[in-house]
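Participant: Handing you a structure now.
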Amino acid sequence: MNTALRWPVRIASLAAAVAAWHLLTAADVRLWVRFDRLPGPAEVAREFARQVQHGQFYADLAQSLVRILTGFGLAAVAGVALGMAVARSRWAGDLLRPLLEVARPIPAIALVPVAILLFPANEQGIVFITFVAAFFPVLVSTRHAVQALPTVWEDAVRTLGAGRIRVLAQVVLPGVLPGVFGGLSVGMGVAWICVISAEMISGDFGVGYRTWQAYTIVDYPGVLVGMTTIGVLGWGTSAAVELAGRRVTRWLPRAEGGPR
């Protein structure tokens, strides 16, 4: 498809979805889903316009962003470091992999009771849950990326006299970056799911907390404003991770007309 047409097509797709939403709610359609109970786009837009006039909206936005960026940043560093260690060191693999594999299937949101017991403040517990959610996708993608590296690359550099540090810096790390950023992108999405869920369960501020509060007082336009805000924030942060990935791996060959 012509590059100039891609953004109009994307915008048209969103516009068509909003138009379908308006028609279904305006006509009070009841099929398998009861659209007669769902607020329409106009009601949600009015509620959004009301909320953006108050500082509480921006305070919740900032609180959720601080939580997600803190937990995700810690998970990115720890996931990449441990993923490389487990993949390259037999001792690290034997010592850490059993513990990590037992912990990995546990949903991060199931750790809310543990976080409440471990941390004195809700804020620390929510960041911990966000960290756990993002950590395992980054860890697993890094481990697989390291294991998939052709051994001939490392052998070639070693024959030129390179030591362990140089091999890691010039061969392993650049070679695993595509896989690492795939894990970071997945981790960001999972982290948003868990941070919003944690805010709903034990938060005092944040977009998730405010969305749940709107539900408890039967403010359905407010619920949809919260859901839309979460979607836009998740989209924006995931796009930022993918953009960073394209920037640091620009040396890779890319297909013509690939996704942007």
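Ordering of the structure tokens sets the chain letters (A, B, ...), residue numbers begin anew at 1 in every chain, and ligands are numbered from 1 in the order given.
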What are the closest atom pairs, with distances in Å to one decimal, for all residues of segment 39-68 of chain A lying within 12 Å of segment 116-133 of chain A? Consider only C-alpha atoms, order rows by chain and residue number, and present the result as a tab-separated table.
Facilitator:
residue	atom	partner	partner_atom	distance
A:Gln63	CA	A:Glu123	CA	9.5
A:Ser64	CA	A:Ile126	CA	9.8
A:Leu65	CA	A:Val127	CA	10.8
A:Val66	CA	A:Val127	CA	8.9
A:Arg67	CA	A:Val127	CA	5.5
A:Ile68	CA	A:Thr130	CA	6.5
Participant: Among segment 22-172 of chain A, which ones does DSSP place in alpha helix (DSSP H), written as a ChimeraX atom specification?
Facilitator: /A:22-26,41-51,55-88,90-103,112-118,122-147,151-159,164-167
Participant: As a VMD selection string, please: the residues near Leu82 of chain A (cut-off 9 Å, only C-alpha atoms, same-chain neighbours under 3 positions excluded).
Facilitator: chain A and resid 77 to 79 85 to 87 92 96 139 142 to 143
Participant: Would you list the contacts of Asp36 of chain A as an MDAnalysis selection string, taking every protein, DNA or RNA residue within 12 Å and counting only C-alpha atoms, but skipping same-chain residues closer than 5 positions in sequence?
Facilitator: chainID A and resid 21:31
Participant: Could you write out that same residue set with C-alpha atoms as a CSV table (one decimal), in the first residue's frame?
Facilitator:
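File produced: part.csv:
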chain,number,residue,atom,x,y,z
A,21,TRP,CA,-20.7,2.4,18.2
A,22,HIS,CA,-22.9,5.5,17.8
A,23,LEU,CA,-25.4,3.8,15.5
A,24,LEU,CA,-25.7,0.7,17.8
A,25,THR,CA,-26.2,2.8,20.9
A,26,ALA,CA,-28.5,5.3,19.3
A,27,ALA,CA,-30.8,2.6,17.9
A,28,ASP,CA,-30.8,0.7,21.3
A,29,VAL,CA,-29.8,-2.5,19.6
A,30,ARG,CA,-30.2,-5.7,21.6
A,31,LEU,CA,-28.8,-8.8,20.0
Participant: Could you give me, as a ChimeraX atom specification, the residues within 8 Å of segment 175-191 of chain A, counting only C-alpha atoms and dropping anything in the same chain fewer than 3 positions from it?
Facilitator: /A:68,72,76,80,130-131,133-142,144-146,149,171-172,194-195,234,237-238,241-242,245,248-249
Participant: Have a look at atom CA of Gly71 of chain A and atom CA of Gly236 of chain A and let me know their distance in Å, one decimal.
Facilitator: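 Interatomic distance, atom CA of Gly71 of chain A to atom CA of Gly236 of chain A: 16.8 Å.
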Participant: For Val207 of chain A, which residue out of A:Ala59, A:Pro107, A:Leu99, A:Arg166 is the nearest one, using only C-alpha atoms?
Facilitator: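 Once distances to Val207 of chain A are computed over only C-alpha atoms, the minimum belongs to A:Ala59.
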Participant: Could you tell me how far atom CA of Gly206 of chain A sits from atom CA of Val232 of chain A, in Å to one decimal place?
Facilitator: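 Distance reported for this atom pair: 14.7 Å.
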Participant: Which distance in Å separates atom CA of Gly83 of chain A and atom CA of Gln170 of chain A, to one decimal?
Facilitator: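 Taking atom CA of Gly83 of chain A as the start and atom CA of Gln170 of chain A as the end point, the length is 17.3 Å.
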Participant: Find the residue from A:Ile230, A:Met84, A:Val18, A:Leu224 that sits nearest to Arg97 of chain A; use only C-alpha atoms when measuring.
Facilitator: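 So, comparing all the options, the nearest one is A:Met84.
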